[in-house]
>>> print(open('run20.csv').read())   # CSV, C-alpha atoms
chain,number,residue,atom,x,y,z
A,1,MET,CA,-7.4,-6.9,-8.2
A,2,LEU,CA,-9.4,-9.3,-6.1
A,3,PHE,CA,-9.3,-6.9,-3.1
A,4,ARG,CA,-10.4,-4.0,-5.4
A,5,VAL,CA,-13.4,-6.1,-6.5
A,6,LEU,CA,-14.3,-7.0,-2.9
A,7,PHE,CA,-14.3,-3.3,-1.9
A,8,ILE,CA,-16.7,-2.2,-4.6
A,9,PRO,CA,-19.9,-2.7,-2.5
A,10,PHE,CA,-18.3,-0.7,0.4
A,11,GLY,CA,-17.3,2.3,-1.8
A,12,ASN,CA,-20.3,2.2,-4.2
A,13,ARG,CA,-22.1,5.1,-2.6
A,14,LEU,CA,-19.3,7.1,-1.0
A,15,ILE,CA,-19.2,10.8,-1.8
A,16,PHE,CA,-16.0,12.8,-1.4
A,17,THR,CA,-16.3,16.6,-1.3
A,18,GLY,CA,-13.7,19.3,-0.9
A,19,ASP,CA,-10.0,19.0,-0.8
A,20,ALA,CA,-10.0,16.7,2.2
A,21,GLY,CA,-12.5,14.5,0.4
A,22,ASN,CA,-10.4,14.5,-2.6
A,23,VAL,CA,-7.4,13.2,-0.7
A,24,ALA,CA,-9.7,10.7,1.1
A,25,MET,CA,-10.8,9.5,-2.3
A,26,TRP,CA,-7.2,8.8,-3.3
A,27,LEU,CA,-6.6,7.0,0.0
A,28,TRP,CA,-9.7,4.9,-0.5
A,29,GLU,CA,-8.4,3.9,-4.0
A,30,GLY,CA,-5.1,3.0,-2.5
A,31,PHE,CA,-6.4,1.0,0.5
A,32,PRO,CA,-6.5,-2.3,-1.4
A,33,ASP,CA,-2.8,-1.8,-2.3
A,34,ALA,CA,-1.9,-1.2,1.3
A,35,LEU,CA,-3.8,-4.3,2.4
A,36,VAL,CA,-1.9,-6.3,-0.3
A,37,ALA,CA,1.4,-4.8,1.0
A,38,ALA,CA,0.7,-5.9,4.6
A,39,VAL,CA,-0.3,-9.4,3.5
A,40,ALA,CA,2.7,-9.7,1.2
A,41,SER,CA,5.1,-8.6,3.9
A,42,ILE,CA,3.7,-11.2,6.4
A,43,VAL,CA,3.8,-14.0,3.8
A,44,LEU,CA,7.4,-13.0,2.8
A,45,MET,CA,8.5,-13.1,6.5
A,46,TRP,CA,6.7,-16.4,7.0
A,47,VAL,CA,8.2,-18.1,4.0
A,48,THR,CA,11.8,-16.8,4.2
A,49,GLU,CA,14.0,-17.8,7.1
A,50,THR,CA,17.3,-15.9,6.8
A,51,LYS,CA,19.6,-14.2,9.2
A,52,LYS,CA,18.6,-10.8,7.8
A,53,PRO,CA,14.9,-10.8,7.1
A,54,LEU,CA,14.6,-7.0,7.0
A,55,ALA,CA,16.6,-7.0,3.8
A,56,TRP,CA,13.8,-9.0,2.2
A,57,VAL,CA,11.3,-6.5,3.6
A,58,GLY,CA,13.3,-3.7,2.2
A,59,ALA,CA,13.4,-5.3,-1.2
A,60,LEU,CA,9.7,-5.8,-1.2
A,61,ALA,CA,9.1,-2.2,-0.1
A,62,ALA,CA,11.4,-1.1,-3.0
A,63,LEU,CA,9.2,-3.0,-5.4
A,64,PHE,CA,6.1,-1.4,-4.0
A,65,LEU,CA,7.8,2.0,-4.2
A,66,TYR,CA,8.7,1.3,-7.9
A,67,GLY,CA,5.1,0.2,-8.7
A,68,GLY,CA,3.6,3.1,-6.8
A,69,SER,CA,5.8,5.7,-8.5
A,70,LEU,CA,5.0,4.3,-11.9
A,71,ASN,CA,1.3,4.5,-11.1
A,72,ALA,CA,1.7,8.0,-9.7
A,73,TRP,CA,3.6,9.1,-12.9
A,74,LYS,CA,0.7,7.7,-15.0
A,75,TRP,CA,-1.9,9.6,-13.0
A,76,ILE,CA,0.1,12.9,-13.1
A,77,LYS,CA,0.9,12.7,-16.9
A,78,ARG,CA,-2.6,11.5,-17.8
A,79,GLY,CA,-4.8,13.9,-19.8
A,80,TRP,CA,-7.0,15.6,-17.2
A,81,VAL,CA,-10.1,17.5,-18.3
A,82,THR,CA,-9.3,20.2,-15.8
A,83,SER,CA,-5.9,20.8,-14.2
A,84,PRO,CA,-5.3,18.7,-11.1
A,85,SER,CA,-5.6,20.5,-7.8
A,86,PRO,CA,-2.9,20.4,-5.1
A,87,ALA,CA,-5.1,18.0,-3.2
A,88,ASP,CA,-4.9,15.6,-6.2
A,89,TYR,CA,-1.2,15.7,-6.1
A,90,VAL,CA,-1.2,15.0,-2.3
A,91,GLY,CA,-3.6,12.2,-2.8
A,92,ILE,CA,-1.6,10.6,-5.7
A,93,LEU,CA,1.6,10.9,-3.6
A,94,ALA,CA,-0.1,9.3,-0.5
A,95,GLU,CA,-1.5,6.5,-2.7
A,96,ALA,CA,2.0,5.7,-3.9
A,97,ILE,CA,3.8,6.0,-0.5
A,98,ILE,CA,1.3,4.4,2.0
A,99,PRO,CA,1.7,0.8,0.7
A,100,VAL,CA,5.5,1.2,1.1
A,101,LEU,CA,5.2,2.4,4.7
A,102,VAL,CA,2.6,-0.4,5.5
A,103,CYS,CA,5.0,-3.0,4.0
A,104,LEU,CA,7.9,-1.7,6.1
A,105,VAL,CA,5.9,-1.4,9.4
A,106,VAL,CA,4.2,-4.8,9.1
A,107,GLY,CA,7.5,-6.4,8.1
A,108,VAL,CA,9.4,-5.0,11.1
A,109,TRP,CA,6.5,-5.8,13.4
A,110,TRP,CA,6.3,-9.4,12.2
A,111,THR,CA,10.1,-9.9,12.4
A,112,ARG,CA,10.2,-8.6,16.0
A,113,ARG,CA,7.1,-10.8,16.9
A,114,SER,CA,8.8,-13.8,15.4
A,115,ALA,CA,12.1,-13.1,17.2
A,116,ASP,CA,10.2,-12.7,20.5
A,117,SER,CA,8.4,-16.0,20.1
A,118,ARG,CA,11.6,-17.8,19.2
A,119,LEU,CA,13.3,-16.5,22.3
A,120,ALA,CA,10.4,-17.5,24.5
A,121,ALA,CA,10.4,-21.0,23.0
A,122,SER,CA,14.1,-21.6,23.8
>>> encode(input="run20.csv", output="structure tokens")
Amino acid sequence: MLFRVLFIPFGNRLIFTGDAGNVAMWLWEGFPDALVAAVASIVLMWVTETKKPLAWVGALAALFLYGGSLNAWKWIKRGWVTSPSPADYVGILAEAIIPVLVCLVVGVWWTRRSADSRLAAS
């Protein structure tokens, strides 16, 4: 929620037009979630020291997938004034999937970075 509040001044006067703008609006709404996913993945890798750190990243990504799918279901089943366009569905799906992908990519990157620094230190 804090990231969403911090991004209000940046998105205050943005105008999204057309189908591409519609998808961009959903991506802009999902950007704080992707930022939180990246930070959460780094913090999880920094705090846990196990032999299989990618299992923890997978569990965190599964939690983001669960939360994103619940949010997408809420948006799809919500009462719309007009029927949603295909661009709305693409945007809703992208908003649900991108934090999961960010979590996985950042987690794998951080794990490899940590492994390389440990090898160089020894």
>>> residues_around(input="run20.csv", residues="stretch 99-112 of chain A", least_positions_apart="3", cutoff="12 Å", atoms="all atoms listed in the file", output="PyMOL selection string")
chain A and resi 27+29-69+93-96+115-119
>>> write_last_selection(input="run20.csv", atoms="C-alpha atoms", output="CSV table (one decimal), in the frame of the given file")
chain,number,residue,atom,x,y,z
A,27,LEU,CA,-6.6,7.0,0.0
A,29,GLU,CA,-8.4,3.9,-4.0
A,30,GLY,CA,-5.1,3.0,-2.5
A,31,PHE,CA,-6.4,1.0,0.5
A,32,PRO,CA,-6.5,-2.3,-1.4
A,33,ASP,CA,-2.8,-1.8,-2.3
A,34,ALA,CA,-1.9,-1.2,1.3
A,35,LEU,CA,-3.8,-4.3,2.4
A,36,VAL,CA,-1.9,-6.3,-0.3
A,37,ALA,CA,1.4,-4.8,1.0
A,38,ALA,CA,0.7,-5.9,4.6
A,39,VAL,CA,-0.3,-9.4,3.5
A,40,ALA,CA,2.7,-9.7,1.2
A,41,SER,CA,5.1,-8.6,3.9
A,42,ILE,CA,3.7,-11.2,6.4
A,43,VAL,CA,3.8,-14.0,3.8
A,44,LEU,CA,7.4,-13.0,2.8
A,45,MET,CA,8.5,-13.1,6.5
A,46,TRP,CA,6.7,-16.4,7.0
A,47,VAL,CA,8.2,-18.1,4.0
A,48,THR,CA,11.8,-16.8,4.2
A,49,GLU,CA,14.0,-17.8,7.1
A,50,THR,CA,17.3,-15.9,6.8
A,51,LYS,CA,19.6,-14.2,9.2
A,52,LYS,CA,18.6,-10.8,7.8
A,53,PRO,CA,14.9,-10.8,7.1
A,54,LEU,CA,14.6,-7.0,7.0
A,55,ALA,CA,16.6,-7.0,3.8
A,56,TRP,CA,13.8,-9.0,2.2
A,57,VAL,CA,11.3,-6.5,3.6
A,58,GLY,CA,13.3,-3.7,2.2
A,59,ALA,CA,13.4,-5.3,-1.2
A,60,LEU,CA,9.7,-5.8,-1.2
A,61,ALA,CA,9.1,-2.2,-0.1
A,62,ALA,CA,11.4,-1.1,-3.0
A,63,LEU,CA,9.2,-3.0,-5.4
A,64,PHE,CA,6.1,-1.4,-4.0
A,65,LEU,CA,7.8,2.0,-4.2
A,66,TYR,CA,8.7,1.3,-7.9
A,67,GLY,CA,5.1,0.2,-8.7
A,68,GLY,CA,3.6,3.1,-6.8
A,69,SER,CA,5.8,5.7,-8.5
A,93,LEU,CA,1.6,10.9,-3.6
A,94,ALA,CA,-0.1,9.3,-0.5
A,95,GLU,CA,-1.5,6.5,-2.7
A,96,ALA,CA,2.0,5.7,-3.9
A,115,ALA,CA,12.1,-13.1,17.2
A,116,ASP,CA,10.2,-12.7,20.5
A,117,SER,CA,8.4,-16.0,20.1
A,118,ARG,CA,11.6,-17.8,19.2
A,119,LEU,CA,13.3,-16.5,22.3
>>> closest_residue(input="run20.csv", among="A:Ser114, A:Tyr89, A:Ile98, A:Gly79", to="A:Trp28", atoms="all atoms listed in the file")
A:Ile98
>>> atom_distance(input="run20.csv", atom1="atom CA of A:Lys77", atom2="atom CA of A:Gly18")
22.6 Å
>>> atom_distance(input="run20.csv", atom1="atom CA of A:Asn71", atom2="atom CA of A:Thr17")
23.5 Å
>>> closest_residue(input="run20.csv", among="A:Asp19, A:Arg113, A:Ile97, A:Val5", to="A:Ser85", atoms="all atoms listed in the file")
A:Asp19
>>> atom_distance(input="run20.csv", atom1="atom CA of A:Arg78", atom2="atom CA of A:Asn12")
24.2 Å
>>> decode(input="run20.csv", residues="stretch 55-66 of chain A", atoms="N, CA and C atoms", output="compact mmCIF listing (two decimals), in the first residue's frame")
# COMPACT_ATOMS: atom_id res chain seq x y z
N ALA A 55 13.74 -23.06 -3.82
CA ALA A 55 12.45 -23.58 -3.34
C ALA A 55 11.69 -22.49 -2.60
N TRP A 56 12.41 -21.67 -1.85
CA TRP A 56 11.76 -20.56 -1.15
C TRP A 56 11.26 -19.52 -2.14
N VAL A 57 12.02 -19.27 -3.18
CA VAL A 57 11.58 -18.32 -4.21
C VAL A 57 10.33 -18.86 -4.90
N GLY A 58 10.31 -20.16 -5.16
CA GLY A 58 9.13 -20.77 -5.78
C GLY A 58 7.90 -20.66 -4.88
N ALA A 59 8.10 -20.85 -3.58
CA ALA A 59 6.97 -20.72 -2.65
C ALA A 59 6.47 -19.28 -2.61
N LEU A 60 7.39 -18.32 -2.61
CA LEU A 60 6.99 -16.92 -2.62
C LEU A 60 6.27 -16.56 -3.92
N ALA A 61 6.77 -17.08 -5.03
CA ALA A 61 6.12 -16.83 -6.32
C ALA A 61 4.73 -17.46 -6.35
N ALA A 62 4.58 -18.63 -5.73
CA ALA A 62 3.25 -19.26 -5.66
C ALA A 62 2.28 -18.40 -4.85
N LEU A 63 2.78 -17.78 -3.78
CA LEU A 63 1.92 -16.87 -3.02
C LEU A 63 1.52 -15.65 -3.83
N PHE A 64 2.46 -15.10 -4.60
CA PHE A 64 2.11 -13.98 -5.47
C PHE A 64 1.13 -14.41 -6.56
N LEU A 65 1.28 -15.62 -7.08
CA LEU A 65 0.34 -16.13 -8.08
C LEU A 65 -1.04 -16.30 -7.49
N TYR A 66 -1.12 -16.82 -6.28
CA TYR A 66 -2.40 -16.98 -5.60
C TYR A 66 -3.09 -15.63 -5.37
